[in-house]
Amino acid sequence: MTGTARKISQSGYYHVTARGNGRQLIFEDDNDRLLLLDKLQDAFAKGDIKVICWCLMENHFHLLVFDEKQALSVAFQTVLSSYARLYNRKTGHLGHLF
């Protein structure tokens, strides 16, 4: 099932979420959370995206970001795909993580 297209915000602020496929865990421990935060920092710096606040749960996360240059889609795709590859390799999980 595909999601609906993200509406362009007049203010540049977005609430972004990602959930594990079938609500599965996406973080085994705090090291996984730190890995995701590092990846977000790297990708968002390239796109000049600012993270205002974040909340990382066991099977999903929320971000409030400021993205006036509309770079969020590319950055988020980079982060989620690279994190999923590392997580799957670490845990032996097969298939989609998100």
# chains A, B, ... in the order shown; residues from 1 in each chain; ligands from 1
>>> residues_around(residues="Leu34 in chain A", least_positions_apart="6", cutoff="10 Å", atoms="only C-alpha atoms", output="PyMOL selection string")
chain A and resi 27+40+56
>>> write_last_selection(atoms="C-alpha atoms", output="short mmCIF file (atom, residue, chain, number, x, y, z; two decimals), in the first residue's frame")
data_model
loop_
_atom_site.label_atom_id
_atom_site.label_comp_id
_atom_site.auth_asym_id
_atom_site.auth_seq_id
_atom_site.Cartn_x
_atom_site.Cartn_y
_atom_site.Cartn_z
CA PHE A 27 15.67 -0.65 17.85
CA LEU A 40 19.98 11.50 10.52
CA LEU A 56 12.57 7.16 19.47
#
>>> residues_around(residues="Gln70 in chain A", least_positions_apart="3", cutoff="12 Å", atoms="only C-alpha atoms", output="MDAnalysis selection string")
chainID A and resid 6:14 44 47:50 65:67 73:76
>>> select_by_dssp(residues="chain A", states="strand (DSSP E)", output="list of chain:residue names")
A:Tyr13, A:Tyr14, A:His15, A:Val16, A:Thr17, A:Ala18, A:Arg19, A:Lys50, A:Val51, A:Ile52, A:Cys53, A:Trp54, A:Cys55, A:Leu56, A:His60, A:Phe61, A:His62, A:Leu63, A:Leu64, A:Val65, A:Phe66
>>> residues_around(residues="Asp38 in chain A", least_positions_apart="6", cutoff="12 Å", atoms="only C-alpha atoms", output="list of chain:residue names")
A:Asn31, A:Asp32, A:Phe44, A:Ala45, A:Val79, A:Leu80, A:Ser82, A:Tyr83
>>> closest_residue(among="A:Val16, A:Met57, A:Ile26, A:Ala43", to="Ala71 in chain A", atoms="only C-alpha atoms")
A:Ala43
>>> residues_around(residues="Cys53 in chain A", least_positions_apart="4", cutoff="10 Å", atoms="only C-alpha atoms", output="PyMOL selection string")
chain A and resi 15+62-65
>>> write_last_selection(atoms="all heavy atoms", output="short mmCIF file (atom, residue, chain, number, x, y, z; two decimals), in the first residue's frame")
data_model
loop_
_atom_site.label_atom_id
_atom_site.label_comp_id
_atom_site.auth_asym_id
_atom_site.auth_seq_id
_atom_site.Cartn_x
_atom_site.Cartn_y
_atom_site.Cartn_z
N HIS A 15 6.13 17.01 10.72
CA HIS A 15 6.13 15.92 11.69
C HIS A 15 6.33 14.65 10.87
O HIS A 15 5.51 14.32 10.01
CB HIS A 15 4.80 15.86 12.44
CG HIS A 15 4.67 14.66 13.32
ND1 HIS A 15 3.51 13.94 13.39
CD2 HIS A 15 5.55 14.06 14.16
CE1 HIS A 15 3.67 12.94 14.25
NE2 HIS A 15 4.90 12.99 14.72
N HIS A 62 9.35 9.46 15.97
CA HIS A 62 8.76 10.73 15.53
C HIS A 62 9.88 11.77 15.45
O HIS A 62 10.76 11.79 16.31
CB HIS A 62 7.73 11.24 16.54
CG HIS A 62 6.58 10.34 16.77
ND1 HIS A 62 5.37 10.51 16.15
CD2 HIS A 62 6.46 9.23 17.56
CE1 HIS A 62 4.55 9.57 16.56
NE2 HIS A 62 5.18 8.78 17.41
N LEU A 63 9.80 12.62 14.46
CA LEU A 63 10.71 13.75 14.33
C LEU A 63 9.89 15.00 14.02
O LEU A 63 8.91 14.93 13.28
CB LEU A 63 11.69 13.56 13.17
CG LEU A 63 12.56 12.32 13.12
CD1 LEU A 63 13.31 12.28 11.80
CD2 LEU A 63 13.52 12.31 14.28
N LEU A 64 10.30 16.11 14.58
CA LEU A 64 9.79 17.40 14.13
C LEU A 64 10.99 18.08 13.47
O LEU A 64 12.03 18.26 14.11
CB LEU A 64 9.28 18.24 15.28
CG LEU A 64 8.79 19.64 14.90
CD1 LEU A 64 7.63 19.56 13.91
CD2 LEU A 64 8.39 20.43 16.13
N VAL A 65 10.86 18.37 12.18
CA VAL A 65 11.99 18.91 11.43
C VAL A 65 11.59 20.20 10.72
O VAL A 65 10.41 20.45 10.46
CB VAL A 65 12.53 17.90 10.38
CG1 VAL A 65 12.99 16.62 11.06
CG2 VAL A 65 11.49 17.59 9.32
#
>>> closest_residue(among="A:Asp42, A:Ala5, A:Leu86, A:Gly22", to="Phe98 in chain A", atoms="only C-alpha atoms")
A:Gly22
>>> residues_around(residues="Asn88 in chain A", least_positions_apart="5", cutoff="8 Å", atoms="only C-alpha atoms", output="PyMOL selection string")
chain A and resi 93-94+97
>>> closest_residue(among="A:Glu68, A:Asn59, A:His96, A:Ile52", to="Glu28 in chain A", atoms="only C-alpha atoms")
A:Asn59
>>> select_by_dssp(residues="range 15-78 of chain A", states="alpha helix (DSSP H)", output="ChimeraX atom specification")
/A:30-46,72-78
